[in-house]
file run.pdb (PDB, C-alpha atoms)
ATOM      1  CA  MET A   4      98.334  75.894  93.497
ATOM      2  CA  ALA A   5      97.525  72.772  95.551
ATOM      3  CA  ARG A   6      98.621  72.814  99.168
ATOM      4  CA  SER A   7     100.723  69.635  98.826
ATOM      5  CA  SER A   8     102.793  71.268  96.064
ATOM      6  CA  LEU A   9     103.222  74.463  98.063
ATOM      7  CA  ASP A  10     104.302  72.506 101.135
ATOM      8  CA  ARG A  11     107.131  71.021  99.052
ATOM      9  CA  LEU A  12     107.840  74.360  97.365
ATOM     10  CA  ASP A  13     108.559  72.303  94.245
ATOM     11  CA  GLY A  14     107.463  74.276  91.213
ATOM     12  CA  GLY A  15     106.389  77.343  93.175
ATOM     13  CA  VAL A  16     107.512  80.478  91.347
ATOM     14  CA  ALA A  17     109.485  82.865  93.569
ATOM     15  CA  LEU A  18     110.443  86.532  93.481
ATOM     16  CA  VAL A  19     113.355  87.542  95.732
ATOM     17  CA  THR A  20     114.172  91.226  96.123
ATOM     18  CA  GLY A  21     117.754  92.326  96.726
ATOM     19  CA  SER A  22     118.974  89.024  95.283
ATOM     20  CA  SER A  23     122.143  89.999  93.414
ATOM     21  CA  ARG A  24     124.397  89.340  96.408
ATOM     22  CA  GLY A  25     124.622  88.218 100.027
ATOM     23  CA  LEU A  26     121.658  86.670 101.766
ATOM     24  CA  GLY A  27     119.220  87.423  98.934
ATOM     25  CA  LEU A  28     121.400  85.576  96.439
ATOM     26  CA  LEU A  29     121.683  82.612  98.810
ATOM     27  CA  ILE A  30     117.912  82.471  99.380
ATOM     28  CA  ALA A  31     117.327  82.582  95.620
ATOM     29  CA  ARG A  32     119.834  79.783  95.112
ATOM     30  CA  GLU A  33     118.248  77.628  97.801
ATOM     31  CA  LEU A  34     114.773  78.165  96.337
ATOM     32  CA  GLY A  35     116.134  77.193  92.917
ATOM     33  CA  ARG A  36     117.634  74.037  94.369
ATOM     34  CA  GLN A  37     114.187  73.196  95.751
ATOM     35  CA  GLY A  38     112.822  73.287  92.202
ATOM     36  CA  CYS A  39     111.462  76.828  92.189
ATOM     37  CA  PRO A  40     111.857  79.105  89.178
ATOM     38  CA  VAL A  41     113.149  82.401  90.593
ATOM     39  CA  MET A  42     113.023  86.037  89.501
ATOM     40  CA  LEU A  43     116.021  88.017  90.760
ATOM     41  CA  CYS A  44     116.039  91.776  91.131
ATOM     42  CA  ALA A  45     118.485  94.446  92.279
ATOM     43  CA  ARG A  46     119.595  97.972  91.407
ATOM     44  CA  ASP A  47     123.072  97.182  90.108
ATOM     45  CA  GLY A  48     122.852  95.653  86.639
ATOM     46  CA  ASP A  49     126.421  94.305  86.637
ATOM     47  CA  GLU A  50     125.992  92.582  89.999
ATOM     48  CA  LEU A  51     122.636  91.222  88.928
ATOM     49  CA  GLY A  52     124.067  89.834  85.698
ATOM     50  CA  ARG A  53     126.833  88.046  87.625
ATOM     51  CA  ALA A  54     124.280  86.623  90.075
ATOM     52  CA  GLU A  55     122.075  85.295  87.287
ATOM     53  CA  SER A  56     125.078  83.695  85.596
ATOM     54  CA  MET A  57     126.193  82.081  88.864
ATOM     55  CA  LEU A  58     122.798  80.463  89.385
ATOM     56  CA  ARG A  59     122.345  79.455  85.757
ATOM     57  CA  GLU A  60     125.713  77.676  85.896
ATOM     58  CA  GLU A  61     124.168  75.466  88.584
ATOM     59  CA  GLY A  62     121.339  74.630  86.203
ATOM     60  CA  LEU A  63     118.767  76.707  88.084
ATOM     61  CA  ASP A  64     115.802  78.304  86.333
ATOM     62  CA  VAL A  65     116.256  82.016  86.980
ATOM     63  CA  ARG A  66     115.517  85.334  85.292
ATOM     64  CA  SER A  67     116.462  88.833  86.434
ATOM     65  CA  LEU A  68     115.188  92.388  86.241
ATOM     66  CA  VAL A  69     117.176  95.504  87.109
ATOM     67  CA  CYS A  70     114.888  97.352  89.480
ATOM     68  CA  ASP A  71     115.050  99.897  92.299
ATOM     69  CA  VAL A  72     112.475  98.751  94.860
ATOM     70  CA  ASN A  73     112.189 102.345  96.097
ATOM     71  CA  ASP A  74     110.504 103.269  92.823
ATOM     72  CA  ALA A  75     106.754 103.378  93.482
ATOM     73  CA  ARG A  76     106.112 101.465  90.236
ATOM     74  CA  ALA A  77     108.744  98.794  90.827
ATOM     75  CA  ALA A  78     106.529  96.245  92.578
ATOM     76  CA  GLN A  79     103.976  96.103  89.771
ATOM     77  CA  ARG A  80     106.780  95.836  87.201
ATOM     78  CA  LEU A  81     108.362  92.960  89.090
ATOM     79  CA  VAL A  82     105.125  91.033  89.471
ATOM     80  CA  LYS A  83     104.233  91.468  85.799
ATOM     81  CA  ALA A  84     107.727  90.444  84.704
ATOM     82  CA  THR A  85     107.654  87.345  86.922
ATOM     83  CA  GLU A  86     104.230  86.290  85.688
ATOM     84  CA  ALA A  87     105.268  86.910  82.082
ATOM     85  CA  ALA A  88     108.400  84.790  82.530
ATOM     86  CA  PHE A  89     106.961  81.918  84.558
ATOM     87  CA  GLY A  90     103.177  82.157  84.317
ATOM     88  CA  ARG A  91     102.458  82.935  87.966
ATOM     89  CA  LEU A  92     103.969  84.051  91.290
ATOM     90  CA  ASP A  93     103.632  81.885  94.415
ATOM     91  CA  ILE A  94     106.418  82.974  96.776
ATOM     92  CA  LEU A  95     107.521  86.523  97.577
ATOM     93  CA  VAL A  96     110.706  87.075  99.588
ATOM     94  CA  ASN A  97     111.145  90.681 100.752
ATOM     95  CA  ASN A  98     114.873  90.836 101.362
ATOM     96  CA  ALA A  99     116.200  94.117  99.916
ATOM     97  CA  GLY A 100     117.797  96.324 102.534
ATOM     98  CA  VAL A 101     120.369  98.962 103.401
ATOM     99  CA  ILE A 102     122.594  99.095 106.478
ATOM    100  CA  GLN A 103     123.631 102.532 107.734
ATOM    101  CA  VAL A 104     126.022 102.521 110.693
ATOM    102  CA  GLY A 105     126.949 105.517 112.824
ATOM    103  CA  PRO A 106     125.857 107.796 115.684
ATOM    104  CA  LEU A 107     122.652 109.823 115.518
ATOM    105  CA  ASP A 108     124.597 113.097 115.153
ATOM    106  CA  ALA A 109     126.091 111.858 111.879
ATOM    107  CA  MET A 110     122.740 110.789 110.389
ATOM    108  CA  SER A 111     120.300 112.891 108.398
ATOM    109  CA  GLU A 112     116.537 112.657 108.045
ATOM    110  CA  ALA A 113     117.167 111.421 104.497
ATOM    111  CA  ASP A 114     118.954 108.357 105.934
ATOM    112  CA  PHE A 115     115.876 107.431 107.931
ATOM    113  CA  ARG A 116     113.596 108.005 104.945
ATOM    114  CA  ASP A 117     115.812 105.888 102.698
ATOM    115  CA  ALA A 118     115.766 103.042 105.226
ATOM    116  CA  MET A 119     111.981 103.207 105.544
ATOM    117  CA  GLU A 120     111.480 103.320 101.775
ATOM    118  CA  THR A 121     113.723 100.315 101.193
ATOM    119  CA  MET A 122     112.750  98.131 104.145
ATOM    120  CA  TYR A 123     109.139  99.106 104.869
ATOM    121  CA  PHE A 124     107.354 100.784 101.968
ATOM    122  CA  ALA A 125     109.003  98.642  99.272
ATOM    123  CA  PRO A 126     107.934  95.376 100.978
ATOM    124  CA  LEU A 127     104.468  96.848 101.523
ATOM    125  CA  ARG A 128     104.131  97.703  97.833
ATOM    126  CA  ALA A 129     105.357  94.238  96.866
ATOM    127  CA  VAL A 130     102.763  92.614  99.117
ATOM    128  CA  LEU A 131      99.968  94.775  97.711
ATOM    129  CA  ALA A 132     101.065  93.785  94.212
ATOM    130  CA  VAL A 133     101.232  90.007  94.800
ATOM    131  CA  VAL A 134      98.262  89.388  97.085
ATOM    132  CA  PRO A 135      95.495  89.686  94.432
ATOM    133  CA  GLY A 136      97.125  86.993  92.287
ATOM    134  CA  MET A 137      97.769  84.744  95.284
ATOM    135  CA  ARG A 138      94.130  85.038  96.320
ATOM    136  CA  GLU A 139      93.054  84.179  92.793
ATOM    137  CA  ARG A 140      95.222  81.045  92.802
ATOM    138  CA  GLY A 141      94.079  79.986  96.269
ATOM    139  CA  GLY A 142      97.191  80.687  98.316
ATOM    140  CA  GLY A 143     100.842  81.588  98.465
ATOM    141  CA  ARG A 144     103.756  82.437 100.686
ATOM    142  CA  ILE A 145     105.310  85.718 101.752
ATOM    143  CA  VAL A 146     108.657  85.835 103.564
ATOM    144  CA  THR A 147     109.805  89.086 105.156
ATOM    145  CA  VAL A 148     113.428  89.371 106.228
ATOM    146  CA  SER A 149     113.499  91.666 109.238
ATOM    147  CA  SER A 150     116.403  91.577 111.714
ATOM    148  CA  LEU A 151     117.375  91.125 115.323
ATOM    149  CA  GLY A 152     117.535  94.917 115.084
ATOM    150  CA  GLY A 153     113.784  94.791 114.445
ATOM    151  CA  ARG A 154     113.280  93.502 117.987
ATOM    152  CA  ILE A 155     116.088  95.166 119.903
ATOM    153  CA  ALA A 156     117.159  98.705 118.990
ATOM    154  CA  ALA A 157     120.946  98.562 118.883
ATOM    155  CA  PRO A 158     122.759 101.931 119.030
ATOM    156  CA  HIS A 159     124.499 103.361 115.966
ATOM    157  CA  LEU A 160     122.006 101.585 113.692
ATOM    158  CA  LEU A 161     118.948 103.769 114.187
ATOM    159  CA  PRO A 162     117.725 104.165 110.565
ATOM    160  CA  TYR A 163     118.108 100.414 110.097
ATOM    161  CA  VAL A 164     116.456  99.311 113.329
ATOM    162  CA  GLY A 165     113.580 101.764 112.962
ATOM    163  CA  ALA A 166     112.740 100.398 109.521
ATOM    164  CA  LYS A 167     113.197  96.794 110.628
ATOM    165  CA  PHE A 168     110.858  97.289 113.610
ATOM    166  CA  ALA A 169     108.236  98.595 111.188
ATOM    167  CA  THR A 170     108.810  95.674 108.818
ATOM    168  CA  ALA A 171     108.432  93.107 111.582
ATOM    169  CA  GLY A 172     105.159  94.686 112.694
ATOM    170  CA  LEU A 173     103.844  94.757 109.130
ATOM    171  CA  SER A 174     104.786  91.120 108.589
ATOM    172  CA  GLU A 175     103.111  89.907 111.778
ATOM    173  CA  GLY A 176      99.951  91.878 111.002
ATOM    174  CA  LEU A 177      99.844  90.531 107.444
ATOM    175  CA  ARG A 178     100.011  86.965 108.710
ATOM    176  CA  ALA A 179      96.835  87.491 110.719
ATOM    177  CA  GLU A 180      95.011  89.277 107.886
ATOM    178  CA  LEU A 181      95.963  86.918 105.062
ATOM    179  CA  ALA A 182      95.605  83.576 106.845
ATOM    180  CA  ALA A 183      91.987  83.190 105.671
ATOM    181  CA  ASP A 184      93.243  83.337 102.067
ATOM    182  CA  ASP A 185      95.766  80.520 102.694
ATOM    183  CA  ILE A 186      98.608  82.999 102.266
ATOM    184  CA  SER A 187     101.232  82.298 104.900
ATOM    185  CA  VAL A 188     103.566  85.068 106.079
ATOM    186  CA  THR A 189     106.891  84.224 107.702
ATOM    187  CA  THR A 190     108.843  86.867 109.618
ATOM    188  CA  VAL A 191     112.566  86.161 109.644
ATOM    189  CA  ILE A 192     114.662  87.644 112.462
ATOM    190  CA  PRO A 193     118.315  87.079 111.563
ATOM    191  CA  GLY A 194     121.148  87.902 113.890
ATOM    192  CA  LEU A 195     124.618  88.561 112.523
ATOM    193  CA  MET A 196     125.424  86.496 109.434
ATOM    194  CA  ARG A 197     128.581  85.914 107.411
ATOM    195  CA  THR A 198     127.282  87.105 104.044
ATOM    196  CA  GLY A 199     129.714  89.959 103.362
ATOM    197  CA  SER A 200     127.320  92.688 104.497
ATOM    198  CA  HIS A 201     130.182  94.590 106.171
ATOM    199  CA  VAL A 202     131.587  95.621 102.788
ATOM    200  CA  ALA A 203     128.193  96.762 101.466
ATOM    201  CA  ALA A 204     127.126  98.692 104.588
ATOM    202  CA  GLU A 205     127.552 102.483 104.779
ATOM    203  CA  PHE A 206     129.351 104.158 107.679
ATOM    204  CA  SER A 207     128.955 107.666 109.071
ATOM    205  CA  GLY A 208     130.748 109.684 111.753
ATOM    206  CA  GLN A 209     134.234 108.252 112.199
ATOM    207  CA  ALA A 210     133.687 105.790 109.402
ATOM    208  CA  ASP A 211     136.813 103.676 109.909
ATOM    209  CA  ARG A 212     136.124 103.182 113.625
ATOM    210  CA  GLU A 213     132.456 102.396 112.995
ATOM    211  CA  TYR A 214     133.539  99.859 110.396
ATOM    212  CA  ALA A 215     135.945  98.259 112.868
ATOM    213  CA  TRP A 216     133.327  97.310 115.466
ATOM    214  CA  PHE A 217     130.614  96.389 112.955
ATOM    215  CA  ALA A 218     132.863  94.249 110.736
ATOM    216  CA  ALA A 219     134.425  92.502 113.734
ATOM    217  CA  ALA A 220     131.014  91.584 115.180
ATOM    218  CA  ALA A 221     129.570  90.521 111.810
ATOM    219  CA  GLY A 222     132.463  88.173 111.098
ATOM    220  CA  PHE A 223     133.109  86.698 114.536
ATOM    221  CA  PRO A 224     132.197  82.968 114.385
ATOM    222  CA  VAL A 225     130.587  82.741 117.833
ATOM    223  CA  LEU A 226     128.350  85.757 117.196
ATOM    224  CA  SER A 227     127.574  85.243 113.507
ATOM    225  CA  MET A 228     126.011  82.490 111.397
ATOM    226  CA  ASP A 229     127.107  80.986 108.113
ATOM    227  CA  GLY A 230     125.064  82.617 105.335
ATOM    228  CA  GLU A 231     124.320  79.408 103.435
ATOM    229  CA  ARG A 232     123.018  77.757 106.573
ATOM    230  CA  ALA A 233     120.817  80.791 107.215
ATOM    231  CA  ALA A 234     119.366  80.626 103.691
ATOM    232  CA  ARG A 235     118.507  76.942 104.075
ATOM    233  CA  ALA A 236     116.757  77.652 107.370
ATOM    234  CA  ILE A 237     114.757  80.513 105.825
ATOM    235  CA  VAL A 238     113.560  78.429 102.873
ATOM    236  CA  ARG A 239     112.710  75.544 105.194
ATOM    237  CA  ALA A 240     110.663  77.899 107.397
ATOM    238  CA  ALA A 241     108.788  79.160 104.335
ATOM    239  CA  ALA A 242     108.067  75.595 103.226
ATOM    240  CA  ARG A 243     106.646  74.761 106.665
ATOM    241  CA  ARG A 244     104.660  78.014 106.811
ATOM    242  CA  ARG A 245     106.282  78.998 110.098
ATOM    243  CA  PRO A 246     105.088  82.323 111.507
ATOM    244  CA  GLU A 247     108.545  83.336 112.710
ATOM    245  CA  LEU A 248     112.158  82.270 112.453
ATOM    246  CA  ILE A 249     114.852  83.669 114.751
ATOM    247  CA  LEU A 250     118.338  82.828 113.525
ATOM    248  CA  THR A 251     121.516  82.292 115.570
ATOM    249  CA  PRO A 252     121.697  81.070 119.189
ATOM    250  CA  VAL A 253     122.849  84.521 120.302
ATOM    251  CA  GLY A 254     119.837  86.091 118.575
ATOM    252  CA  LYS A 255     117.421  83.716 120.288
ATOM    253  CA  ALA A 256     119.019  84.337 123.679
ATOM    254  CA  VAL A 257     118.921  88.127 123.287
ATOM    255  CA  VAL A 258     115.267  88.134 122.178
ATOM    256  CA  ARG A 259     114.326  85.987 125.196
ATOM    257  CA  LEU A 260     116.317  88.202 127.558
ATOM    258  CA  HIS A 261     114.676  91.321 126.163
ATOM    259  CA  GLY A 262     111.239  89.761 126.599
ATOM    260  CA  LEU A 263     111.940  88.752 130.199
ATOM    261  CA  ALA A 264     113.963  91.787 131.277
ATOM    262  CA  PRO A 265     113.571  94.721 128.884
ATOM    263  CA  ALA A 266     115.011  97.262 131.337
ATOM    264  CA  THR A 267     118.132  95.166 131.834
ATOM    265  CA  THR A 268     118.595  94.837 128.081
ATOM    266  CA  THR A 269     118.212  98.594 127.633
ATOM    267  CA  ARG A 270     120.803  99.266 130.341
ATOM    268  CA  ALA A 271     123.232  96.898 128.595
ATOM    269  CA  LEU A 272     122.691  98.715 125.292
ATOM    270  CA  THR A 273     123.263 102.049 127.040
ATOM    271  CA  VAL A 274     126.632 100.809 128.304
ATOM    272  CA  ALA A 275     127.507  99.525 124.824
ATOM    273  CA  ALA A 276     126.621 102.894 123.274
ATOM    274  CA  ARG A 277     129.150 104.639 125.508
ATOM    275  CA  TRP A 278     131.925 102.457 124.086
ATOM    276  CA  LEU A 279     131.038 103.227 120.483
ATOM    277  CA  PRO A 280     132.781 106.065 118.576
ATOM    278  CA  GLU A 281     131.503 109.626 118.722
ATOM    279  CA  SER A 282     130.689 111.419 115.471
ATOM    280  CA  GLY A 283     133.979 113.345 115.515
ATOM    281  CA  GLU A 284     134.781 116.945 114.571
ATOM    282  CA  ALA A 285     134.120 116.436 110.857
ATOM    283  CA  PRO A 286     131.645 113.561 110.593
ATOM    284  CA  GLN A 287     131.808 111.510 107.424
ATOM    285  CA  HIS A 288     128.597 110.356 105.786
ATOM    286  CA  ASN A 289     127.666 107.039 104.188
ATOM    287  CA  VAL A 290     131.186 105.819 103.454
ATOM    288  CA  PRO A 291     131.035 102.369 101.767
ATOM    289  CA  GLY A 292     132.451  99.544 103.866
ATOM    290  CA  ARG A 293     135.112  98.698 101.282
ATOM    291  CA  ARG A 294     136.533 102.230 101.496
ATOM    292  CA  ALA A 295     136.269 102.386 105.306
ATOM    293  CA  ALA A 296     138.235  99.131 105.541
ATOM    294  CA  ARG A 297     141.064 100.542 103.423
ATOM    295  CA  THR A 298     141.178 103.726 105.504
ATOM    296  CA  LEU A 299     141.250 101.720 108.736
ATOM    297  CA  GLY A 300     144.052  99.455 107.518
ATOM    298  CA  SER A 301     143.921  97.266 110.623
ATOM    299  CA  ALA A 302     145.589  93.857 110.388
ATOM    300  CA  ALA A 303     143.746  92.747 113.550
ATOM    301  CA  VAL A 304     140.314  93.604 112.130
ATOM    302  CA  ASN A 305     141.276  91.975 108.829
ATOM    303  CA  ARG A 306     142.091  88.744 110.662
ATOM    304  CA  ILE A 307     138.761  88.802 112.506
ATOM    305  CA  THR A 308     136.839  89.423 109.274
ATOM    306  CA  THR A 309     138.608  86.699 107.271
ATOM    307  CA  LEU A 310     135.584  84.373 107.157
ATOM    308  CA  ASN A 311     133.242  87.216 106.268
ATOM    309  CA  ASP A 312     135.628  88.507 103.591
ATOM    310  CA  ARG A 313     135.628  85.051 102.026
ATOM    311  CA  ALA A 314     131.837  85.008 102.175
ATOM    312  CA  ALA A 315     131.718  88.405 100.472
ATOM    313  CA  ARG A 316     133.777  87.136  97.548
ATOM    314  CA  ARG A 317     131.764  83.932  97.233
ATOM    315  CA  PHE A 318     128.408  85.669  97.418
ATOM    316  CA  ASN A 319     129.051  88.351  94.791
ATOM    317  CA  GLN A 320     130.252  91.131  97.132
ATOM    318  CA  PRO A 321     133.892  91.771  96.168
ATOM    319  CA  VAL A 322     135.995  93.125  99.027
TER
END
call {"tool": "encode", "arguments": {"input": "run.pdb", "output": "structure tokens"}}
result
Amino acid sequence: MARSSLDRLDGGVALVTGSSRGLGLLIARELGRQGCPVMLCARDGDELGRAESMLREEGLDVRSLVCDVNDARAAQRLVKATEAAFGRLDILVNNAGVIQVGPLDAMSEADFRDAMETMYFAPLRAVLAVVPGMRERGGGRIVTVSSLGGRIAAPHLLPYVGAKFATAGLSEGLRAELAADDISVTTVIPGLMRTGSHVAAEFSGQADREYAWFAAAAGFPVLSMDGERAARAIVRAAARRRPELILTPVGKAVVRLHGLAPATTTRALTVAARWLPESGEAPQHNVPGRRAARTLGSAAVNRITTLNDRAARRFNQPV
């Protein structure tokens, strides 16, 4: 594809993983609005069907494939399906992820493996599947959604941050290796966003108390960013072939602080960890956010999460 067309994104065929809800759905919608045919994929067929219908109602050119990115054969299936539907694949957005919240004592090795499979090995397999075709066509774009947790290891999110650190490193290394092939790689470092992720996250230990702090932070306007605005910024960064995009003012400030004073940042995180809930006498494991919210039953937390609850409903994540 000619560079001028890629720079506009117009007509570039995109594949977005984890695109049935939340940020992935918003990125897919924004790409569609820029004139890109988009292949959606996710594990839940009902959610995926609703997402496809939502985007088609806007007149966007989308298809979908039910797919578990943790399946070793999924990446090849997705690439073949996208090329069969649209004739080629120019833009890959690695967005699929899982959020597991809780203290180390309440986590299992399987939690860490699941996080790595979903947020490191699945993106790696997708890249290996798309790069040959991009090279053949003379270029392309890869966008990897990492996290602020992929730069700063927040407590009670260890499976998530470990996988996101690995993803960020992979993405930065790929940019250097693929530049000669005119394949740009953009690493996205989002901070907290109002996309409804608090209802889809899984909570371990004292699940209701873990939900309380996570949901409050994720929905607080000063700390979090509007999901639609985040999606527009991500697509714009891909169009401009930016190497990195850090979202939210708080995220940018924390990354700078960590770079200038890593020991100070670590001490602050140590203090924060002491305020977080212990695992409890009978630790719970991977309780969905929706259920943890009902168990908590806190009117105060519900008020704080109002904006994020609205976002969840709008972006295909029913509360």
call {"tool": "residues_around", "arguments": {"input": "run.pdb", "residues": "A:Gly283", "least_positions_apart": "6", "cutoff": "12 Å", "atoms": "all atoms listed in the file", "output": "CSV table (one decimal) with C-alpha atoms, keeping the file's coordinate frame"}}
result
chain,number,residue,atom,x,y,z
A,105,GLY,CA,126.9,105.5,112.8
A,106,PRO,CA,125.9,107.8,115.7
A,107,LEU,CA,122.7,109.8,115.5
A,108,ASP,CA,124.6,113.1,115.2
A,109,ALA,CA,126.1,111.9,111.9
A,207,SER,CA,129.0,107.7,109.1
A,208,GLY,CA,130.7,109.7,111.8
A,209,GLN,CA,134.2,108.3,112.2
A,210,ALA,CA,133.7,105.8,109.4
A,211,ASP,CA,136.8,103.7,109.9
A,212,ARG,CA,136.1,103.2,113.6
A,213,GLU,CA,132.5,102.4,113.0
call {"tool": "residues_around", "arguments": {"input": "run.pdb", "residues": "A:Met196", "least_positions_apart": "5", "cutoff": "12 Å", "atoms": "all atoms listed in the file", "output": "PyMOL selection string"}}
result
chain A and resi 25-26+29+150-151+201+217-234+250-254+308+310-312+314-315
call {"tool": "resolve_selection", "arguments": {"input": "run.pdb", "expression": "the PyMOL selection byres ((chain A and resi 10-17) around 8)", "output": "JSON, numbers by chain"}}
result
{"A": [6, 7, 8, 9, 18, 19, 34, 37, 38, 39, 40, 41, 42, 89, 91, 92, 93, 94, 95, 96, 242, 243, 244]}
call {"tool": "resolve_selection", "arguments": {"input": "run.pdb", "expression": "the PyMOL selection byres ((chain A and resi 174-189) around 7)", "output": "PyMOL selection string"}}
result
chain A and resi 138+141-147+170-173+190-191+241+244-247
call {"tool": "write_last_selection", "arguments": {"input": "run.pdb", "atoms": "C-alpha atoms", "output": "mmCIF file, keeping the file's coordinate frame"}}
result
data_model
loop_
_atom_site.group_PDB
_atom_site.id
_atom_site.type_symbol
_atom_site.label_atom_id
_atom_site.label_comp_id
_atom_site.auth_asym_id
_atom_site.auth_seq_id
_atom_site.Cartn_x
_atom_site.Cartn_y
_atom_site.Cartn_z
ATOM 1 C CA ARG A 138 94.130 85.038 96.320
ATOM 2 C CA GLY A 141 94.079 79.986 96.269
ATOM 3 C CA GLY A 142 97.191 80.687 98.316
ATOM 4 C CA GLY A 143 100.842 81.588 98.465
ATOM 5 C CA ARG A 144 103.756 82.437 100.686
ATOM 6 C CA ILE A 145 105.310 85.718 101.752
ATOM 7 C CA VAL A 146 108.657 85.835 103.564
ATOM 8 C CA THR A 147 109.805 89.086 105.156
ATOM 9 C CA THR A 170 108.810 95.674 108.818
ATOM 10 C CA ALA A 171 108.432 93.107 111.582
ATOM 11 C CA GLY A 172 105.159 94.686 112.694
ATOM 12 C CA LEU A 173 103.844 94.757 109.130
ATOM 13 C CA THR A 190 108.843 86.867 109.618
ATOM 14 C CA VAL A 191 112.566 86.161 109.644
ATOM 15 C CA ALA A 241 108.788 79.160 104.335
ATOM 16 C CA ARG A 244 104.660 78.014 106.811
ATOM 17 C CA ARG A 245 106.282 78.998 110.098
ATOM 18 C CA PRO A 246 105.088 82.323 111.507
ATOM 19 C CA GLU A 247 108.545 83.336 112.710
#
call {"tool": "closest_residue", "arguments": {"input": "run.pdb", "among": "A:Val290, A:Ile307, A:Ala266, A:Val65", "to": "A:Gln103", "atoms": "all atoms listed in the file"}}
result
A:Val290
call {"tool": "closest_residue", "arguments": {"input": "run.pdb", "among": "A:Glu86, A:Glu205, A:Ala45, A:Leu260", "to": "A:Met137", "atoms": "only C-alpha atoms"}}
result
A:Glu86
call {"tool": "atom_distance", "arguments": {"input": "run.pdb", "atom1": "atom CA of A:Tyr123", "atom2": "atom CA of A:Lys167"}}
result
7.4 Å
call {"tool": "residues_around", "arguments": {"input": "run.pdb", "residues": "A:Ile155", "least_positions_apart": "6", "cutoff": "10 Å", "atoms": "all atoms listed in the file", "output": "VMD selection string"}}
result
chain A and resid 164 to 165 167 to 168 254 257 to 258 261 to 262 265 268 to 269 272
call {"tool": "closest_residue", "arguments": {"input": "run.pdb", "among": "A:Ile249, A:Ala295, A:Val134, A:Val148", "to": "A:Val202", "atoms": "only C-alpha atoms"}}
result
A:Ala295
call {"tool": "atom_distance", "arguments": {"input": "run.pdb", "atom1": "atom CA of A:Leu131", "atom2": "atom CA of A:Gly100"}}
result
18.5 Å
call {"tool": "residues_around", "arguments": {"input": "run.pdb", "residues": "stretch 54-57 of chain A", "least_positions_apart": "6", "cutoff": "9 Å", "atoms": "all atoms listed in the file", "output": "PyMOL selection string"}}
result
chain A and resi 22-24+28+43+65-67+318-319
call {"tool": "atom_distance", "arguments": {"input": "run.pdb", "atom1": "atom CA of A:Ala87", "atom2": "atom CA of A:Gly136"}}
result
13.1 Å
call {"tool": "closest_residue", "arguments": {"input": "run.pdb", "among": "A:Arg270, A:Lys255, A:Arg59, A:Arg313", "to": "A:Pro158", "atoms": "only C-alpha atoms"}}
result
A:Arg270
